[in-house]
Amino acid sequence: MSSPAPQLREYSAESARALFRNRYGIDERALSELLDVALSRGGDYADLYFEHRQTSSIAFEESKVKTAGGGITQGLGVRVLAGDSTGYAYTEDLSLDSMRQAAATAAKICDRQDKVGPIDVAGEVGPDRYRIEKPSIEIPSAEKLAIIRRADEAARAYDPSITRVNVSFVEEVKHVMVATSDGRLMADFQPMLRFNVQCLSEVGNSRQTAVDGGGGRLGMEYFVDHLPEDIARNAARMAVTQQKGVDAPAGTIPVVLGAGESGILLHEAVGHGLEADFNRKETSMYSGRVGQPVASELCTVIDDGTIDHSRGTINVDDEGNVAKKNVLIENGVLQGYLQDRISARHFGVEASGNGRRESFRHYPMPRMTNTYMLPGESTPEDIIKSVKKGLYAKAFSGGQVNISKGDFVFSVTEGYLIEDGEVTHPVKNVNIIGNGPDALSKVTMVGNDYQLSDGRWTCGKDGQSVPVGVGMPTVLVSGITVGGTQR
Amino acid sequence: MIEVTAQSSELLNIAEDVCRQARVAGADDADVLIGAGTEFSVTIRRQEVENIVEASSRALGLRAIKGGRVSVSYSSDFNADSLRQFVADALERAAISDVDEAAGLPDDGYGQVDAATLDLFDPDIEDMDGDRAIELARRCEQAGFDADSRISNSGGASYGYNTGSRVLVNSRGFAGTSRGSGCSLSVEVMADDADGKKQNDYWYTANRFFKNLETPESVGKKAAERAVRKLGARKVPTREVPVVWDPLVSRTLIGLLAHSASGELLYRRSTFLLDLEGQRVASPLLTIVDDPLLAGKLGSRGFDGEGLFSIKNELFRDGTFVQFLLDTYTARKTGRQSTHSAVRGVGGTPSVGTSNLLLLPGSSTPEEIIASVDDGLYMTELLGFGDNLTTGDFSRGAAGLWIERGQLSYPVAEINVSGNLRQMIADVEIVGNDIDYRSATVAPTLKMSKLMVSGL
């Protein structure tokens with residue numbers, strides 16, 4: 001599909017291309033020349049990743065704006081592939097001289113005499129999954145301050161023990177453009193908003209902190225469905241609840257994972273291990289297991305870059321491929337991996353739209369977008385009722401996985417004991433550890449209450465951070481190791 | 001004497017100019033940080049080149065203060081017109097902030113320690129060419145395969161170096177420059193275990209000076225030894241036992257303690273160390289210092305993120321919690337003096353951080369420590385971030401080897417370790433003599449008398 005832009009719309013792929021063309025003179029001719037330099041020593045493939053990123057942040061503390069921050073970075077990353085080897089170079093200076101130099105540096109990965117002919121790139125049009133009226137970064141700060149103050153007041157009003165409230169409002173607009181030596185040119189405009197509230201509850205000498213927040217690829221529209229008061233009250237509620245936290249149990253017990261945030265289990269237990277680079281290298285414990293059962297039949301797990309406005313959504317990935325909805329596990333059976341260009345070629349499959357990178361300073365690799373489990377038949381009430389003694393895990397601060405062993409952890413920040421089918425006492429923060437296929441084979445009930453977690457997750461891999469989304473229905477894992485202190 | 005290279009002096013001119021422009025535009029005070037550097041790295045896997053990355057970059061950060069209102073701004077565009085606009089935007093941004101009495105530049109304490117005594121830069125490090133780097137990484141990985149026939153795969157081996165200059169200038173007349181280098185060699189190898197699991201581990205060496213790195217052969221061999229000893233790892237029953245912390249994990253513990261001792265958590269009343277200054281809270285074996293003045297070490301620096309001269313700070317002495325680490329802001333918020341512990345990146349305000357954070361060694365060897373345990377865990381890995389510094393509650397995933405009658409007996413995995421930091425630091429029973437400066441945060445092997453291990 002290739003067509004000229006009908007008319008230039010603001011905050012769109014077209015505006016991204018226009019920005020690089022008009023401000024930095026990067027037109028089709030410049031792209032063609034840079035690709036030519038990148039392949040001047042005979043590489044198999046080259047791509048150019050242009051990025052212009054503007055951020056703004058407000059840090060609010062003690063009911064005052066403490067610091068306003070912001071800035072702009074721009075740059076080009078040049079990648080040249082020779083077989084499975086990557087040459088990578090980047091520059092922040094978008095003058096033609098500096099860009100040529102970066103291309104020549106990346107070209108050094110190869111040392112052959114064969115030279116490709118001239119490369120012309122043609123613009124393609126991707127989907128438009130986060131169309132917004134205006135990025136919040138262009139909205140006067142007074143409107144954002146009003147939102148922040150509403151959150152601050154709501155948190156303080158929630159309970160007299162709330163003594164400190166920190167609110168942060170972080171915005172980003174990113175224009176990206178990818179040109180490839182197979183003649184493709186893709187661009188995207190990527191907005192991001194992130195709102196966060198942290199509360200301290202003090203009762204005598206007992207202090208508890210809790211955090212809530214969210215966001216997505218949205219502007220101020222985010223606050224229509226997510227009232228700042230609700231986010232603030234939830235953070236305050238968790239801090240206050242923690243005051244009554246009892247020691248969490250220690251040992252292998254049934255755990256009910258609440259809808260939404262528990263998707264972090266999928267991200268760690270399944271998602272990373274299915275990134276195709278690890279499987280190409282056979283360093284993942286999921287290597288060579290496509291077509292085999294790796295989870296209970298109740299589990300269907302999807303990585304989906306196409307959910308409108310979600311934090312993990314991308315119109316096109318950072319290699320210029322359109323994002324897709326990819327089924328990773330269907331009824332417990334492993335279906336395939338998350339691919340980037342290198343691994344897709346290795347496996348002889350189509351790129352799955354998962355080639356992502358943190359910035360122009362980084363080369364792309366297979367990464368998740370929004371990872372979730374499809375809902376099942378059970379009601380959340382029945383799931384909890386089925387547990388005699390266990391843990392109900394509702395909110396989380398993060399997780400980690402060892403790809404090769406498959407052992408993964410996630411940290412519960414809001415959890416409760418389940419006693420005789422009833423949710424009873426809140427427990428202190430606790431870590432849960434499991435092994436990917438083992439934990440997923442013990443999923444014995446899946447709820448009908450699927451939720452996408454609010455957009456606050458960032459995934460780290462090999463030193464690169466990218467925004468992601470997670471989602472989950474309520475799920476029962478019949479046995480998993482909870483790291484409390486109470487026998 | 002400060003060595004000012006041509007590049008540093010150019011960066012210094014730019015920083016001074018931006019600082020001056022900020023003052024002209026109405027800032028009462030301003031400071032400007034420029035970081036510029038080069039990076040080079042090679043990764044090979046199964047002896048083939050995976051990637052080579054080579055680049056130079058630079059960025060600039062401006063903190064502007066006007067009428068007690070603060071903004072921080074960053075840019076990587078050094079074009080003169082762009083910088084003028086950048087300064088104007090920074091001042092406009094400051095107007096969004098409220099007046100903060102504690103904000104602003106330090107009043108005194110400026111200065112820098114003679115860079116020559118700190119030995120931060122290896123002039124030979126950039127001599128490395130791509131072919132030599134590939135060869136180093138190949139030797140390292142090969143040594144891993146050669147060390148044990150059960151090593152069946154590799155996650156790759158990398159050699160990389162970076163060099164960088166930092167310039168910090170402020171409107172009170174401070175102008176500091178420093179130049180540093182660092183390099184590292186690492187490898188991850190694995191062996192096949194039951195159920196499709198692969199037992200992997202890694203090893204690395206890192207230093208400011210190439211000549212001080214461990215040999216590629218030694219790095220590869222250690223990675224292989226660490227991986228194969230995990231073969232057949234199993235879960236263990238849930239119970240409280242003595243735990244020996246390998247240096248790779250004991251440094252995580254002292255990192256958490258230093259974070260708990262930061263001025264930010266102090267004024268936010270969000271640390272379990274609140275109200276404990278001057279009190280004996282830990283084992284008398286625990287002495288933790290933050291020392292930026294060690295020659296040639298990765299965390300060494302001549303001045304802090306606000307231009308204050310570097311000093312060594314004690315956090316814990318013989319089990320007594322001595323003091324919080326403070327920058328100017330957190331010192332003012334809590335009515336104290338800065339401990340010259342500011343760190344600063346171009347994108348943000350100064351904050352509290354550590355330089356070379358050390359748990360001072362004791363006299364026991366790691367072998368003696370293991371031999372002292374009748375039945376317990378030798379912990380080599382921690383997984384996750386399940387810590388709550390407000391309460392001190394600690395809960396993380398772990399792996400390691402089980403100790404039986406003073407001997408490493410069998411590998412264990414998929415377990416949690418849990419406790420409360422306040423109790424955990426009191427329970428430190430032995431501190432080892434093995435200090436290895438492979439990172440800026442360093443701790444020897446240590447033994448804790450008890451910790452809850454949850455498994456089966």
# chains A, B, ... in the order shown; residues from 1 in each chain; ligands from 1
$ interface_residues --of "chain A" --to "chain B" --cutoff "6 Å" --atoms "only C-alpha atoms" --output "number ranges by chain"
A: 64-73, 85-90, 250-252, 285, 399-400, 404-405, 409, 411, 430-431, 433, 481, 483, 485
$ residues_around --residues "Ile384 in chain A" --least-positions-apart "4" --cutoff "10 Å" --atoms "only C-alpha atoms" --output "ChimeraX atom specification"
/A:255-258,379-380,388-392,418-423,445,474-476
$ select_by_dssp --residues "range 84-262 of chain A" --states "strand (DSSP E)" --output "count of residues only"
67
$ select_by_dssp --residues "range 258-382 of chain B" --states "helix (DSSP H, G or I)" --output "NGL selection string"
:B and (258-260 or 263-267 or 328-333 or 366-371)
$ write_last_selection --atoms "C-alpha atoms" --output "PDB file, in the first residue's frame"
ATOM      1  CA  ALA B 258      22.453   3.407  51.063  1.00  0.00           C
ATOM      2  CA  HIS B 259      19.177   4.182  49.331  1.00  0.00           C
ATOM      3  CA  SER B 260      17.386   3.964  52.682  1.00  0.00           C
ATOM      4  CA  GLY B 263      18.165  12.503  52.201  1.00  0.00           C
ATOM      5  CA  GLU B 264      15.183  12.194  49.851  1.00  0.00           C
ATOM      6  CA  LEU B 265      13.659   9.344  51.827  1.00  0.00           C
ATOM      7  CA  LEU B 266      14.562  11.195  55.046  1.00  0.00           C
ATOM      8  CA  TYR B 267      12.621  14.357  54.276  1.00  0.00           C
ATOM      9  CA  THR B 328      21.937  20.697  49.104  1.00  0.00           C
ATOM     10  CA  TYR B 329      18.168  20.420  48.724  1.00  0.00           C
ATOM     11  CA  THR B 330      17.646  17.553  51.145  1.00  0.00           C
ATOM     12  CA  ALA B 331      20.090  19.165  53.615  1.00  0.00           C
ATOM     13  CA  ARG B 332      18.027  22.360  53.627  1.00  0.00           C
ATOM     14  CA  LYS B 333      14.786  20.423  53.929  1.00  0.00           C
ATOM     15  CA  PRO B 366      34.450 -17.075  51.889  1.00  0.00           C
ATOM     16  CA  GLU B 367      35.411 -20.722  52.450  1.00  0.00           C
ATOM     17  CA  GLU B 368      35.604 -20.188  56.208  1.00  0.00           C
ATOM     18  CA  ILE B 369      32.210 -18.512  56.152  1.00  0.00           C
ATOM     19  CA  ILE B 370      30.619 -21.404  54.266  1.00  0.00           C
ATOM     20  CA  ALA B 371      32.332 -23.865  56.606  1.00  0.00           C
TER      21      ALA B 371
END
$ residues_around --residues "Gly376 in chain B" --least-positions-apart "5" --cutoff "7 Å" --atoms "only C-alpha atoms" --output "PyMOL selection string"
chain B and resi 241-243+402-404
$ residues_around --residues "range 163-170 of chain A" --least-positions-apart "3" --cutoff "8 Å" --atoms "only C-alpha atoms" --output "MDAnalysis selection string"
(chainID A and resid 55:63 144 148 151:152 155:156 160 193:202) or (chainID B and resid 268)
$ write_last_selection --atoms "C-alpha atoms" --output "mmCIF file, in the first residue's frame"
data_model
loop_
_atom_site.group_PDB
_atom_site.id
_atom_site.type_symbol
_atom_site.label_atom_id
_atom_site.label_comp_id
_atom_site.auth_asym_id
_atom_site.auth_seq_id
_atom_site.Cartn_x
_atom_site.Cartn_y
_atom_site.Cartn_z
ATOM 1 C CA THR A 55 9.246 15.631 27.000
ATOM 2 C CA SER A 56 7.766 17.682 29.776
ATOM 3 C CA SER A 57 7.357 16.878 33.443
ATOM 4 C CA ILE A 58 5.905 18.403 36.573
ATOM 5 C CA ALA A 59 6.950 17.163 40.018
ATOM 6 C CA PHE A 60 4.498 18.155 42.748
ATOM 7 C CA GLU A 61 5.227 17.702 46.443
ATOM 8 C CA GLU A 62 4.008 19.246 49.707
ATOM 9 C CA SER A 63 1.136 20.771 47.690
ATOM 10 C CA LYS A 144 -2.389 20.194 34.228
ATOM 11 C CA ILE A 148 -2.571 17.627 39.911
ATOM 12 C CA ALA A 151 -5.371 14.559 43.051
ATOM 13 C CA ASP A 152 -3.397 16.096 45.900
ATOM 14 C CA ALA A 155 -5.521 11.983 48.611
ATOM 15 C CA ARG A 156 -5.201 14.237 51.664
ATOM 16 C CA PRO A 160 -6.154 12.004 58.238
ATOM 17 C CA LEU A 193 1.084 10.579 29.056
ATOM 18 C CA ARG A 194 1.924 9.223 32.490
ATOM 19 C CA PHE A 195 0.279 10.353 35.740
ATOM 20 C CA ASN A 196 1.390 9.140 39.139
ATOM 21 C CA VAL A 197 0.338 9.651 42.765
ATOM 22 C CA GLN A 198 2.320 8.472 45.790
ATOM 23 C CA CYS A 199 0.972 8.720 49.353
ATOM 24 C CA LEU A 200 2.496 8.352 52.797
ATOM 25 C CA SER A 201 0.255 7.253 55.667
ATOM 26 C CA GLU A 202 1.592 7.809 59.188
ATOM 27 C CA ARG B 268 9.813 12.283 52.760
#
$ residues_around --residues "Gln21 in chain B" --least-positions-apart "5" --cutoff "10 Å" --atoms "only C-alpha atoms" --output "tab-separated table (two decimals) with C-alpha atoms, in the first residue's frame"
chain	number	residue	atom	x	y	z
B	15	ALA	CA	28.47	25.68	29.35
B	16	GLU	CA	29.66	29.07	30.53
B	26	GLY	CA	16.45	36.66	34.20
B	27	ALA	CA	17.61	33.65	36.20
B	30	ALA	CA	21.75	28.64	37.06
B	83	LEU	CA	20.50	27.11	22.53
B	84	ARG	CA	19.07	30.65	22.70
B	87	VAL	CA	17.38	29.11	27.50
B	88	ALA	CA	14.20	31.10	26.87
$ residues_around --residues "Met448 in chain B" --least-positions-apart "5" --cutoff "12 Å" --atoms "only C-alpha atoms" --output "number ranges by chain"
B: 240-246, 250, 253, 282-283, 285-286, 369-370, 372-373, 376-379, 417, 419, 421, 423-432
$ atom_distance --atom1 "CA of Ser136 in chain A" --atom2 "CA of Met220 in chain A"
5.6 Å
$ residues_around --residues "Ala157 in chain B" --least-positions-apart "5" --cutoff "12 Å" --atoms "only C-alpha atoms" --output "ChimeraX atom specification"
/B:41-51,133-145,184-189,202-205,216-217,219-220,223
$ write_last_selection --atoms "C-alpha atoms" --output "mmCIF file, in the first residue's frame"
data_model
loop_
_atom_site.group_PDB
_atom_site.id
_atom_site.type_symbol
_atom_site.label_atom_id
_atom_site.label_comp_id
_atom_site.auth_asym_id
_atom_site.auth_seq_id
_atom_site.Cartn_x
_atom_site.Cartn_y
_atom_site.Cartn_z
ATOM 1 C CA SER B 41 31.146 -2.329 22.037
ATOM 2 C CA VAL B 42 31.403 -5.688 20.347
ATOM 3 C CA THR B 43 29.197 -8.679 21.079
ATOM 4 C CA ILE B 44 29.950 -12.118 19.710
ATOM 5 C CA ARG B 45 27.971 -15.313 20.174
ATOM 6 C CA ARG B 46 29.178 -18.803 19.327
ATOM 7 C CA GLN B 47 32.278 -17.045 17.961
ATOM 8 C CA GLU B 48 30.317 -15.024 15.361
ATOM 9 C CA VAL B 49 29.935 -11.256 15.545
ATOM 10 C CA GLU B 50 26.429 -10.323 16.738
ATOM 11 C CA ASN B 51 26.866 -6.566 16.760
ATOM 12 C CA ALA B 133 37.838 -6.421 20.685
ATOM 13 C CA ILE B 134 36.256 -9.298 18.750
ATOM 14 C CA GLU B 135 39.255 -11.455 19.628
ATOM 15 C CA LEU B 136 38.915 -10.667 23.353
ATOM 16 C CA ALA B 137 35.236 -11.560 23.349
ATOM 17 C CA ARG B 138 35.885 -14.756 21.372
ATOM 18 C CA ARG B 139 38.589 -15.883 23.808
ATOM 19 C CA CYS B 140 36.296 -15.184 26.721
ATOM 20 C CA GLU B 141 33.435 -17.247 25.309
ATOM 21 C CA GLN B 142 35.745 -20.043 24.177
ATOM 22 C CA ALA B 143 37.160 -20.295 27.699
ATOM 23 C CA GLY B 144 33.596 -20.787 28.936
ATOM 24 C CA PHE B 145 33.021 -23.667 26.526
ATOM 25 C CA SER B 184 34.238 -4.284 30.624
ATOM 26 C CA LEU B 185 34.327 -7.833 29.350
ATOM 27 C CA SER B 186 31.486 -10.233 30.066
ATOM 28 C CA VAL B 187 30.025 -13.564 29.037
ATOM 29 C CA GLU B 188 26.921 -15.625 29.730
ATOM 30 C CA VAL B 189 27.030 -19.399 29.246
ATOM 31 C CA TYR B 202 27.553 -14.947 33.765
ATOM 32 C CA TRP B 203 30.741 -13.326 34.869
ATOM 33 C CA TYR B 204 32.255 -9.997 34.038
ATOM 34 C CA THR B 205 35.239 -7.831 34.716
ATOM 35 C CA PRO B 216 39.243 -13.282 29.067
ATOM 36 C CA GLU B 217 40.099 -16.863 30.051
ATOM 37 C CA VAL B 219 36.089 -14.513 32.985
ATOM 38 C CA GLY B 220 34.913 -17.348 30.741
ATOM 39 C CA ALA B 223 30.976 -18.013 34.166
#
